[in-house]
Amino acid sequence: MTARQGEAARQLLSYVASLPLEGADAQLLAVVVAIRAARGGTGNLTGQDLRSLRLADAEGAVAAVGALGWQARGDLIGGNPDVPVGITVPELVGVSDRRLPFAKLTRSRVSGWTNRTMTSKPARKTSAAARLAALFLAAHAPADHHADLPADLPGHCRAALPELLAKGFLLELDGRRYLLGEAVRHLSGMHALPPATPPARAPRMTWGEWKAQASPALRRHAEAVEHCSHCSITPVRVAEAFMRTPVPAQFDATVRAAFDTWRVSHPDEGPRAAQFAADFRAAHGHGPSVKQLCKGMGWGKQGRGLRLLITRHLIAEEWLTNTEPVPWTLRPGGAAKALHAASSVTGARPRQS
């Protein structure tokens, strides 16, 4: 099916799922009748068609759809099995506001897809609930990607999913996710949209061009780092640090566990880190990087993730602050300034840990 026809198949199944019918037999019969009646409001069904559905209670299923007001113009159960019986579905009569507004070709393709899905080798010898589930799952799944179980999948269909997995209609079934088996992937009703054409990449800006378009204050800061005689950082590394696109840091369980260990062994490093940042800025003309801070504090060799988390912790406690995402902007924060102000009033030196 095309993407439009796949959408029509999902409309059909949602319509049937919304009907006040109990049991897979009645719902499976309703699927067949509804798709045949989608265009003119009346669908033809023979007794042989009914038998081919292999319903556990065909008579009860016919009575159930009849209770909806779907009027049969003949006897499907006891009549001639080769004579078509018209079944009128009132909601599908008329040309406007029809529940299943399908074009002629769409109705035909969805009807054929319904039959092929139910009679596919992995599904044809399964229960009515499993075959109804097969219709829902094929209609809602891409051919070769996992999908979530349809929200309106009936409960008895969910109970039949292991049957489809055992027969190979499903290759994988894990909680609410499933993958169609290779033998039925051609029945998929979901087609991925073609990948969007990526926008043309703008030419990469040179370091000189970046500094030319930066604000005067930012340019002075970048050049202070670039020409710092104490750091001796290569211009290429400085350019990369200032020009790269910021990426949010992700801290996994290993990093967080390492941070908890660090914090136990370094319980009160805030004042000393703030003083280090102030002294570094006075000597260099710019703040330290995260790596320079951790190395200068003597905290030992650490991974980048742990260094970032330690610095985030010190910033959150206001011992440090920075101008994120601009690099080399670490400096004393509000807590450090308050401590310094209090020490100035009392004449005491700020406590070093």
# chains A, B, ... in the order shown; residues from 1 in each chain; ligands from 1

call {"tool": "residues_around", "arguments": {"residues": "segment 116-120 of chain A", "least_positions_apart": "2", "cutoff": "7 Å", "atoms": "only C-alpha atoms", "output": "list in words"}}
result
Gly112, Trp113, Thr114, Pro122, Ala123, Arg124, Arg131, Leu135 and Leu187 of chain A

call {"tool": "write_last_selection", "arguments": {"atoms": "N, CA, C and O atoms", "output": "PDB file, in the first residue's frame"}}
result
ATOM      1  N   GLY A 112      -8.004  -5.535  -0.385  1.00  0.00           N
ATOM      2  CA  GLY A 112      -7.059  -6.588  -0.760  1.00  0.00           C
ATOM      3  C   GLY A 112      -5.995  -6.808   0.291  1.00  0.00           C
ATOM      4  O   GLY A 112      -5.615  -7.955   0.596  1.00  0.00           O
ATOM      5  N   TRP A 113      -5.505  -5.715   0.869  1.00  0.00           N
ATOM      6  CA  TRP A 113      -4.500  -5.815   1.935  1.00  0.00           C
ATOM      7  C   TRP A 113      -5.061  -6.554   3.147  1.00  0.00           C
ATOM      8  O   TRP A 113      -4.376  -7.384   3.762  1.00  0.00           O
ATOM      9  N   THR A 114      -6.317  -6.269   3.496  1.00  0.00           N
ATOM     10  CA  THR A 114      -6.955  -6.939   4.627  1.00  0.00           C
ATOM     11  C   THR A 114      -6.965  -8.447   4.417  1.00  0.00           C
ATOM     12  O   THR A 114      -6.602  -9.224   5.313  1.00  0.00           O
ATOM     13  N   PRO A 122       1.999 -16.793   8.166  1.00  0.00           N
ATOM     14  CA  PRO A 122       2.153 -16.776   9.630  1.00  0.00           C
ATOM     15  C   PRO A 122       0.858 -16.488  10.379  1.00  0.00           C
ATOM     16  O   PRO A 122       0.791 -16.687  11.586  1.00  0.00           O
ATOM     17  N   ALA A 123      -0.200 -15.986   9.673  1.00  0.00           N
ATOM     18  CA  ALA A 123      -1.422 -15.583  10.373  1.00  0.00           C
ATOM     19  C   ALA A 123      -2.615 -16.468  10.089  1.00  0.00           C
ATOM     20  O   ALA A 123      -3.536 -16.544  10.909  1.00  0.00           O
ATOM     21  N   ARG A 124      -2.642 -17.169   8.948  1.00  0.00           N
ATOM     22  CA  ARG A 124      -3.894 -17.779   8.510  1.00  0.00           C
ATOM     23  C   ARG A 124      -4.406 -18.905   9.412  1.00  0.00           C
ATOM     24  O   ARG A 124      -5.616 -19.165   9.448  1.00  0.00           O
ATOM     25  N   ARG A 131      -5.514 -12.869  14.253  1.00  0.00           N
ATOM     26  CA  ARG A 131      -5.601 -12.295  12.906  1.00  0.00           C
ATOM     27  C   ARG A 131      -6.048 -10.828  12.943  1.00  0.00           C
ATOM     28  O   ARG A 131      -5.585 -10.005  12.161  1.00  0.00           O
ATOM     29  N   LEU A 135      -3.768  -7.469  11.673  1.00  0.00           N
ATOM     30  CA  LEU A 135      -4.178  -6.302  10.884  1.00  0.00           C
ATOM     31  C   LEU A 135      -3.721  -5.010  11.553  1.00  0.00           C
ATOM     32  O   LEU A 135      -3.159  -4.115  10.907  1.00  0.00           O
ATOM     33  N   LEU A 187       3.549  -6.223   3.959  1.00  0.00           N
ATOM     34  CA  LEU A 187       2.189  -5.819   4.337  1.00  0.00           C
ATOM     35  C   LEU A 187       2.190  -4.555   5.193  1.00  0.00           C
ATOM     36  O   LEU A 187       1.121  -4.102   5.612  1.00  0.00           O
TER      37      LEU A 187
END

call {"tool": "residues_around", "arguments": {"residues": "Arg312 of chain A", "least_positions_apart": "4", "cutoff": "12 Å", "atoms": "only C-alpha atoms", "output": "number ranges by chain"}}
result
A: 249, 251, 259, 270, 290, 305-308, 316-322, 324, 330

call {"tool": "residues_around", "arguments": {"residues": "Phe280 of chain A", "least_positions_apart": "2", "cutoff": "12 Å", "atoms": "only C-alpha atoms", "output": "PyMOL selection string"}}
result
chain A and resi 228+230-231+273-278+282-289+292-293+296-297+328-332

call {"tool": "select_by_dssp", "arguments": {"residues": "segment 98-347 of chain A", "states": "alpha helix (DSSP H)", "output": "PyMOL selection string"}}
result
chain A and resi 104-118+128-140+155-159+161-167+207-213+216-226+235-243+253-265+270-284+290-296+304-316+334-346

call {"tool": "select_by_dssp", "arguments": {"residues": "segment 66-219 of chain A", "states": "strand (DSSP E or B)", "output": "VMD selection string"}}
result
chain A and resid 71 to 72 85 to 88 142 147 to 148 170 to 174 177 to 180 190

call {"tool": "closest_residue", "arguments": {"among": "A:Gln250, A:Thr126, A:Gln27, A:Thr323", "to": "Leu68 of chain A", "atoms": "only C-alpha atoms"}}
result
A:Gln27

call {"tool": "decode", "arguments": {"residues": "segment 32-93 of chain A", "atoms": "C-alpha atoms", "output": "CSV table (one decimal), in the first residue's frame"}}
result
chain,number,residue,atom,x,y,z
A,32,VAL,CA,-14.5,-7.2,6.3
A,33,VAL,CA,-18.0,-5.7,6.1
A,34,ALA,CA,-17.0,-2.1,6.7
A,35,ILE,CA,-14.2,-2.1,4.0
A,36,ARG,CA,-16.6,-3.6,1.5
A,37,ALA,CA,-19.3,-1.0,2.4
A,38,ALA,CA,-16.9,1.9,2.6
A,39,ARG,CA,-17.9,3.4,-0.8
A,40,GLY,CA,-21.6,2.9,-1.2
A,41,GLY,CA,-22.7,2.0,2.3
A,42,THR,CA,-23.5,-1.6,1.5
A,43,GLY,CA,-21.0,-4.5,1.4
A,44,ASN,CA,-21.6,-7.9,-0.2
A,45,LEU,CA,-20.6,-11.1,1.7
A,46,THR,CA,-21.3,-14.7,0.9
A,47,GLY,CA,-21.7,-17.6,3.2
A,48,GLN,CA,-18.4,-18.9,1.9
A,49,ASP,CA,-16.7,-15.6,2.7
A,50,LEU,CA,-18.0,-16.0,6.2
A,51,ARG,CA,-16.7,-19.5,6.5
A,52,SER,CA,-13.3,-18.5,5.2
A,53,LEU,CA,-13.0,-16.2,8.3
A,54,ARG,CA,-13.0,-19.3,10.5
A,55,LEU,CA,-14.8,-17.6,13.3
A,56,ALA,CA,-15.3,-19.6,16.5
A,57,ASP,CA,-18.9,-18.3,16.7
A,58,ALA,CA,-20.0,-17.1,13.2
A,59,GLU,CA,-23.7,-16.9,14.2
A,60,GLY,CA,-22.9,-14.8,17.2
A,61,ALA,CA,-20.7,-12.5,15.2
A,62,VAL,CA,-23.5,-12.0,12.6
A,63,ALA,CA,-26.0,-11.3,15.4
A,64,ALA,CA,-23.6,-8.8,17.0
A,65,VAL,CA,-23.1,-6.7,13.9
A,66,GLY,CA,-26.8,-6.9,13.2
A,67,ALA,CA,-27.4,-5.4,16.7
A,68,LEU,CA,-25.5,-2.3,15.5
A,69,GLY,CA,-28.2,-1.8,12.9
A,70,TRP,CA,-26.1,-3.3,10.1
A,71,GLN,CA,-29.0,-4.8,8.0
A,72,ALA,CA,-28.4,-8.0,6.1
A,73,ARG,CA,-30.5,-8.6,3.0
A,74,GLY,CA,-30.5,-12.3,3.2
A,75,ASP,CA,-29.4,-15.3,5.3
A,76,LEU,CA,-25.6,-15.6,5.7
A,77,ILE,CA,-25.8,-18.6,8.0
A,78,GLY,CA,-28.4,-20.9,6.5
A,79,GLY,CA,-28.7,-19.5,2.9
A,80,ASN,CA,-26.9,-20.5,-0.3
A,81,PRO,CA,-23.2,-20.1,0.5
A,82,ASP,CA,-22.4,-18.8,-3.0
A,83,VAL,CA,-25.1,-16.1,-3.2
A,84,PRO,CA,-23.9,-12.6,-2.1
A,85,VAL,CA,-25.8,-11.0,0.8
A,86,GLY,CA,-25.8,-7.3,1.0
A,87,ILE,CA,-25.1,-5.7,4.4
A,88,THR,CA,-25.9,-2.0,4.8
A,89,VAL,CA,-23.9,0.0,7.2
A,90,PRO,CA,-25.9,3.2,8.0
A,91,GLU,CA,-22.9,5.3,9.0
A,92,LEU,CA,-21.3,4.7,5.6
A,93,VAL,CA,-24.3,5.6,3.5
